[in-house]
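Engineer: Quick one: the structure is below, questions incoming.
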Amino acid sequence: RLFAAEASHQLRSPLAGILAQAEVALRRERDGDGYRAALTAIRERSSQLTRVIEMLLLLARGEAECSQLSRAPVNLILWLRQYSLAWEGHPRQADLCCEAPAGEAWAMTHQILLSQVVDTLVDNAFKHGAPGTEVTVSLKVMEGEARLDVVDQGPGIERDELPRLFSPFYRTRRSREEGKPGLGLGLSVARRLAGILGARLEVFSEVGNGARFCLALPLLDTSTVC
């Protein structure tokens with residue numbers, strides 16, 4: 001019931017904004033600039049609504065449907081080097097540091113979904129770390145796992161909030177008080193995608209010391225990789 005209530009709220013808010021903008025625009029004749037302003041606002045609200053619907057659909061997908069996604073062997077070290085190039089041109093490209101060791105680290109995964117998970121973690125790190133502060137994506141190989149860490153220099157997360165961080169629609173007290181943008185769905189979707197990939201997504205944080213999100217994927221036996 002709580003999920004349904006939160007989802008309804010997230011859908012109603014942009015819909016109400018779209019209807020309000022349309023009604024104002026139709027109330028009287030306007031010049032071209034007036035209509036463009038109204039259509040721009042409607043487009044922004046529609047984009048927000050689309051993001052909410054896409055995330056809700058992903059959360060609602062059955063496990064059987066998700067498990068049908070095909071996975072393939074991926075060298076995560078090479079993947080991370082290529083991933084860093086995808087941020088070229090981003091306003092905070094200079095703040096992103098990707099670190100990968102030498103050699104190879106193979107995992108059975110889905111590259112698009114993997115990129116989506118890491119994108120969500122990096123976006124979250126940028127949101128909570130001020131421009132000019134570094135966000136690090138590093139790959140470590142240990143104990144039969146490849147661990148992708150996304151580390152920010154933000155304010156950190158209260159200990160009592162950590163267990164709820166991956167719950168749908170949950171936003172930290174600091175985010176709500178500071179009015180940071182967000183739906184509270186990104187991390188929930190990221191953990192679900194991690195589960196689909198057979199990976200584990202965890203968070204470690206202390207107030208004042210930023211946050212570290214760790215995505216751990218089982219390594220493949222290199223003798224089985226062609």
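Chain lettering (A, B, ...) mirrors the order of the structure tokens, residue numbering begins at 1 for each chain separately, and ligand numbering begins at 1 in order of display.
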Please identify all polymer residues within 12 Å of Ala72 of chain A, counting only C-alpha atoms, omitting same-chain residues fewer than 4 positions from it, and present them as a VMD selection string.
Structural biologist: chain A and resid 76 106 to 114 197 220 224 to 226
Engineer: Using only C-alpha atoms, determine which residues lie at most 9 Å from Asn124 of chain A, disregarding the query and same-chain residues fewer than 5 positions distant; provide the list as a PyMOL selection string.
Structural biologist: chain A and resi 119+129+152+186-187
Engineer: Quick one: of A:Asp221, A:Asp95, A:Glu206, A:Glu104, who's nearest to Asp160 of chain A, counting only C-alpha atoms?
Structural biologist: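 Answer, going by the shortest atom-to-atom distance: A:Glu206.
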Engineer: Run DSSP on the backbone and give me the residues of segment 141-181 of chain A it puts in helix (DSSP H, G or I), as a list in words.
Structural biologist: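 For segment 141-181 of chain A, the helix (DSSP H, G or I) set is Arg159, Asp160, Glu161, Leu162, Pro163, Arg164, Arg173, Arg174, Ser175, Arg176, Glu177 and Glu178 of chain A.
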Engineer: Excluding same-chain residues fewer than 3 positions from Ser167 of chain A, what lies within 10 Å of it counting only C-alpha atoms, as a ChimeraX atom specification?
Structural biologist: /A:3,163-164,170-171,184-189,191
Engineer: Next, write the just-selected residues to a file, as a PDB file, in the first residue's frame, keeping C-alpha atoms as the atom set.
Structural biologist:
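Produced file part_19.pdb, reproduced below:
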```pdb
ATOM      1  CA  PHE A   3       4.520   1.625  -2.549  1.00  0.00           C
ATOM      2  CA  PRO A 163      19.421   0.068   5.539  1.00  0.00           C
ATOM      3  CA  ARG A 164      16.651   2.042   3.798  1.00  0.00           C
ATOM      4  CA  TYR A 170      13.357   6.635  -0.116  1.00  0.00           C
ATOM      5  CA  ARG A 171      15.327   9.903   0.049  1.00  0.00           C
ATOM      6  CA  GLY A 184      14.156   8.097  -4.722  1.00  0.00           C
ATOM      7  CA  LEU A 185      14.026   5.340  -7.343  1.00  0.00           C
ATOM      8  CA  GLY A 186      17.514   5.307  -8.874  1.00  0.00           C
ATOM      9  CA  LEU A 187      19.287   3.267  -6.204  1.00  0.00           C
ATOM     10  CA  SER A 188      16.359   0.867  -5.896  1.00  0.00           C
ATOM     11  CA  VAL A 189      16.500   0.204  -9.636  1.00  0.00           C
ATOM     12  CA  ARG A 191      20.132  -2.829  -6.849  1.00  0.00           C
TER      13      ARG A 191
END
```
Engineer: With only C-alpha atoms as the basis for distance, which of A:Gln153, A:Gln21, A:Ser175, A:Ser46 is at the shortest distance from Ser205 of chain A?
Structural biologist: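 Checking each of A:Gln153, A:Gln21, A:Ser175, A:Ser46 against Ser205 of chain A, counting only C-alpha atoms, the winner is A:Gln153.
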Engineer: Which of these residues is nearest to Tyr83 of chain A, using only C-alpha atoms: A:Ala41, A:Cys214, A:Val137, A:Ala16?
Structural biologist: A:Val137
Engineer: Using only C-alpha atoms, find the one residue out of A:Leu39, A:Ala211, A:Leu162, A:Val117 that sits nearest to Ala199 of chain A.
Structural biologist: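 Comparing A:Leu39, A:Ala211, A:Leu162, A:Val117 against Ala199 of chain A, the winner is A:Val117.
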Engineer: Do you have the atom CA of His128 of chain A-atom CA of Ile196 of chain A distance handy?
Structural biologist: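 Result for atom CA of His128 of chain A versus atom CA of Ile196 of chain A: 26.5 Å, one decimal.
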Engineer: With only C-alpha atoms as the atoms that count, which of A:Ala125, A:Glu29, A:Pro131, A:Arg71 lies nearest to Ala94 of chain A?
Structural biologist: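 Using only C-alpha atoms, the shortest distance to Ala94 of chain A belongs to A:Pro131.
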Engineer: Sorted by chain and rising residue number, list the residues of segment 141-173 of chain A at most 12 Å from segment 97-101 of chain A (counting only C-alpha atoms), each with its closest atom pair and distance in Å to one decimal, as JSON lines.
Structural biologist:
```
{"residue": "A:Val141", "atom": "CA", "partner": "A:Pro101", "partner_atom": "CA", "distance": 8.6}
{"residue": "A:Met142", "atom": "CA", "partner": "A:Pro101", "partner_atom": "CA", "distance": 11.9}
{"residue": "A:Ala146", "atom": "CA", "partner": "A:Ala100", "partner_atom": "CA", "distance": 10.8}
{"residue": "A:Arg147", "atom": "CA", "partner": "A:Ala100", "partner_atom": "CA", "distance": 10.7}
{"residue": "A:Leu148", "atom": "CA", "partner": "A:Ala100", "partner_atom": "CA", "distance": 9.4}
{"residue": "A:Asp149", "atom": "CA", "partner": "A:Glu99", "partner_atom": "CA", "distance": 9.7}
{"residue": "A:Val150", "atom": "CA", "partner": "A:Cys98", "partner_atom": "CA", "distance": 9.2}
{"residue": "A:Val151", "atom": "CA", "partner": "A:Cys97", "partner_atom": "CA", "distance": 9.9}
{"residue": "A:Asp152", "atom": "CA", "partner": "A:Cys97", "partner_atom": "CA", "distance": 10.6}
```
Engineer: Atom CA of Leu49 of chain A and atom CA of Leu19 of chain A are how many Å apart?
Structural biologist: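 Separation between atom CA of Leu49 of chain A and atom CA of Leu19 of chain A: 12.6 Å.
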Engineer: Please, what distance in Å, to one decimal, runs between atom CA of Lys140 of chain A and atom CA of Ala216 of chain A?
Structural biologist: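 We find that atom CA of Lys140 of chain A and atom CA of Ala216 of chain A lie 9.5 Å from each other.
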Engineer: When distances are computed from only C-alpha atoms, which of A:Ala190, A:Phe166, A:Ser70, A:Gly154 shows the smallest separation from Asn209 of chain A?
Structural biologist: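 Between A:Ala190, A:Phe166, A:Ser70, A:Gly154, the residue approaching Asn209 of chain A most closely is A:Gly154.
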Engineer: Quick one: pick out all strand (DSSP E or B) residues within segment 2-208 of chain A from a backbone DSSP run and write them as a short mmCIF file (atom, residue, chain, number, x, y, z; two decimals) with C-alpha atoms, in the first residue's frame.
Structural biologist:
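Output file selection.cif is given in full below:
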```
data_model
loop_
_atom_site.label_atom_id
_atom_site.label_comp_id
_atom_site.auth_asym_id
_atom_site.auth_seq_id
_atom_site.Cartn_x
_atom_site.Cartn_y
_atom_site.Cartn_z
CA ALA A 72 28.22 -12.77 -22.07
CA PRO A 73 31.85 -12.82 -20.85
CA VAL A 74 33.15 -9.27 -20.43
CA ASN A 75 36.67 -8.16 -19.55
CA LEU A 96 35.42 11.65 -12.76
CA CYS A 97 38.41 9.39 -12.21
CA CYS A 98 38.30 5.76 -13.43
CA GLU A 99 40.98 3.41 -12.13
CA TRP A 106 36.34 -11.53 -16.77
CA ALA A 107 32.74 -11.69 -15.57
CA MET A 108 29.53 -13.02 -17.10
CA THR A 109 27.39 -9.90 -17.43
CA VAL A 135 34.18 10.92 -7.95
CA THR A 136 36.22 7.74 -8.33
CA VAL A 137 35.19 4.54 -10.11
CA SER A 138 37.77 1.87 -9.33
CA LEU A 139 38.02 -1.83 -10.07
CA LYS A 140 39.62 -4.28 -7.66
CA VAL A 141 39.96 -8.06 -7.99
CA MET A 142 39.84 -10.06 -4.76
CA GLU A 145 35.14 -11.22 -7.24
CA ALA A 146 35.55 -8.09 -9.31
CA ARG A 147 34.54 -5.12 -7.16
CA LEU A 148 33.56 -1.85 -8.77
CA ASP A 149 33.66 0.95 -6.19
CA VAL A 150 32.02 4.33 -6.80
CA VAL A 151 33.28 6.79 -4.19
CA ARG A 200 25.81 -7.64 -5.16
CA LEU A 201 25.37 -3.91 -4.51
CA GLU A 202 26.24 -2.51 -1.09
CA VAL A 203 26.83 0.92 0.43
CA PHE A 204 29.35 2.04 3.06
CA SER A 205 29.32 5.53 4.50
#
```
Engineer: I'd like the contact shell of Arg174 of chain A - 12 Å cut-off, only C-alpha atoms, skipping same-chain residues fewer than 2 positions apart - returned as a PyMOL selection string.
Structural biologist: chain A and resi 128+154-158+161+170-172+176-181+207
Engineer: Those same residues, written as a short mmCIF file (atom, residue, chain, number, x, y, z; two decimals), in the first residue's frame with all heavy atoms?
Structural biologist:
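What follows is the written file out05.cif:
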```
data_model
loop_
_atom_site.label_atom_id
_atom_site.label_comp_id
_atom_site.auth_asym_id
_atom_site.auth_seq_id
_atom_site.Cartn_x
_atom_site.Cartn_y
_atom_site.Cartn_z
N HIS A 128 25.59 14.41 -4.92
CA HIS A 128 25.89 14.64 -3.51
C HIS A 128 27.28 15.22 -3.27
O HIS A 128 27.58 15.66 -2.15
CB HIS A 128 25.71 13.35 -2.71
CG HIS A 128 24.29 12.89 -2.67
ND1 HIS A 128 23.33 13.51 -1.90
CD2 HIS A 128 23.65 11.88 -3.33
CE1 HIS A 128 22.16 12.90 -2.08
NE2 HIS A 128 22.34 11.92 -2.93
N GLY A 154 30.97 13.50 -0.86
CA GLY A 154 29.80 14.20 -0.33
C GLY A 154 29.74 14.19 1.18
O GLY A 154 30.70 13.80 1.86
N PRO A 155 28.60 14.59 1.74
CA PRO A 155 28.48 14.71 3.20
C PRO A 155 28.34 13.39 3.93
O PRO A 155 28.38 13.36 5.16
CB PRO A 155 27.21 15.56 3.37
CG PRO A 155 26.40 15.24 2.15
CD PRO A 155 27.40 15.06 1.04
N GLY A 156 28.15 12.30 3.20
CA GLY A 156 27.96 11.01 3.85
C GLY A 156 26.49 10.77 4.22
O GLY A 156 25.63 11.63 4.01
N ILE A 157 26.24 9.59 4.76
CA ILE A 157 24.87 9.16 5.04
C ILE A 157 24.77 8.74 6.50
O ILE A 157 25.66 8.05 7.01
CB ILE A 157 24.48 7.97 4.12
CG1 ILE A 157 24.67 8.36 2.64
CG2 ILE A 157 23.04 7.53 4.37
CD1 ILE A 157 24.71 7.18 1.71
N GLU A 158 23.70 9.14 7.14
CA GLU A 158 23.48 8.76 8.54
C GLU A 158 23.38 7.24 8.66
O GLU A 158 22.81 6.57 7.80
CB GLU A 158 22.19 9.39 9.06
CG GLU A 158 22.19 10.91 9.08
CD GLU A 158 22.95 11.48 10.27
OE1 GLU A 158 23.36 10.67 11.15
OE2 GLU A 158 23.15 12.70 10.33
N GLU A 161 20.06 5.49 8.25
CA GLU A 161 19.43 5.58 6.94
C GLU A 161 19.98 4.56 5.95
O GLU A 161 19.36 4.29 4.92
CB GLU A 161 19.59 7.00 6.37
CG GLU A 161 18.83 8.05 7.15
CD GLU A 161 18.84 9.39 6.45
OE1 GLU A 161 19.91 10.01 6.37
OE2 GLU A 161 17.77 9.82 5.98
N TYR A 170 12.72 6.11 -1.32
CA TYR A 170 13.36 6.63 -0.12
C TYR A 170 14.39 7.69 -0.49
O TYR A 170 15.22 7.49 -1.38
CB TYR A 170 14.04 5.54 0.70
CG TYR A 170 14.61 6.09 1.98
CD1 TYR A 170 13.77 6.41 3.04
CD2 TYR A 170 15.98 6.37 2.10
CE1 TYR A 170 14.28 6.97 4.21
CE2 TYR A 170 16.49 6.91 3.26
CZ TYR A 170 15.63 7.22 4.31
OH TYR A 170 16.14 7.79 5.45
N ARG A 171 14.35 8.82 0.20
CA ARG A 171 15.33 9.90 0.05
C ARG A 171 15.82 10.29 1.43
O ARG A 171 15.04 10.34 2.38
CB ARG A 171 14.71 11.11 -0.67
CG ARG A 171 14.13 10.76 -2.04
CD ARG A 171 13.61 12.00 -2.74
NE ARG A 171 14.70 12.87 -3.11
CZ ARG A 171 14.65 14.20 -3.03
NH1 ARG A 171 13.57 14.80 -2.55
NH2 ARG A 171 15.68 14.93 -3.40
N THR A 172 17.11 10.54 1.54
CA THR A 172 17.68 10.85 2.85
C THR A 172 17.12 12.17 3.38
O THR A 172 16.65 13.01 2.62
CB THR A 172 19.21 10.94 2.78
OG1 THR A 172 19.57 12.04 1.92
CG2 THR A 172 19.81 9.65 2.26
N ARG A 176 16.13 15.71 1.32
CA ARG A 176 14.82 16.38 1.39
C ARG A 176 14.96 17.80 1.92
O ARG A 176 14.35 18.73 1.40
CB ARG A 176 13.88 15.56 2.29
CG ARG A 176 13.55 14.18 1.75
CD ARG A 176 12.36 13.57 2.48
NE ARG A 176 12.61 13.43 3.91
CZ ARG A 176 13.15 12.37 4.49
NH1 ARG A 176 13.53 11.34 3.73
NH2 ARG A 176 13.30 12.29 5.80
N GLU A 177 15.77 17.98 2.96
CA GLU A 177 15.93 19.31 3.55
C GLU A 177 16.59 20.29 2.60
O GLU A 177 16.24 21.47 2.57
CB GLU A 177 16.74 19.20 4.84
CG GLU A 177 16.00 18.48 5.97
CD GLU A 177 16.92 18.13 7.13
OE1 GLU A 177 18.15 18.40 7.02
OE2 GLU A 177 16.42 17.57 8.13
N GLU A 178 17.56 19.80 1.81
CA GLU A 178 18.27 20.67 0.89
C GLU A 178 17.57 20.80 -0.46
O GLU A 178 18.02 21.55 -1.32
CB GLU A 178 19.70 20.16 0.68
CG GLU A 178 20.54 20.20 1.96
CD GLU A 178 21.95 19.69 1.74
OE1 GLU A 178 22.24 19.21 0.62
OE2 GLU A 178 22.75 19.76 2.69
N GLY A 179 16.47 20.06 -0.64
CA GLY A 179 15.71 20.15 -1.88
C GLY A 179 16.44 19.62 -3.09
O GLY A 179 16.24 20.10 -4.21
N LYS A 180 17.30 18.62 -2.89
CA LYS A 180 18.02 18.04 -4.03
C LYS A 180 17.05 17.33 -4.96
O LYS A 180 16.10 16.69 -4.50
CB LYS A 180 19.10 17.06 -3.54
CG LYS A 180 20.26 17.74 -2.83
CD LYS A 180 21.35 16.74 -2.52
CE LYS A 180 22.50 17.40 -1.79
NZ LYS A 180 23.20 18.38 -2.65
N PRO A 181 17.26 17.43 -6.28
CA PRO A 181 16.36 16.74 -7.21
C PRO A 181 16.49 15.23 -7.10
O PRO A 181 17.55 14.71 -6.73
CB PRO A 181 16.83 17.24 -8.58
CG PRO A 181 18.27 17.60 -8.38
CD PRO A 181 18.36 18.13 -6.97
N VAL A 207 29.01 9.80 8.16
CA VAL A 207 28.72 11.23 8.03
C VAL A 207 30.03 12.02 8.02
O VAL A 207 30.91 11.80 8.86
CB VAL A 207 27.82 11.72 9.19
CG1 VAL A 207 27.65 13.23 9.14
CG2 VAL A 207 26.47 11.03 9.11
#
```
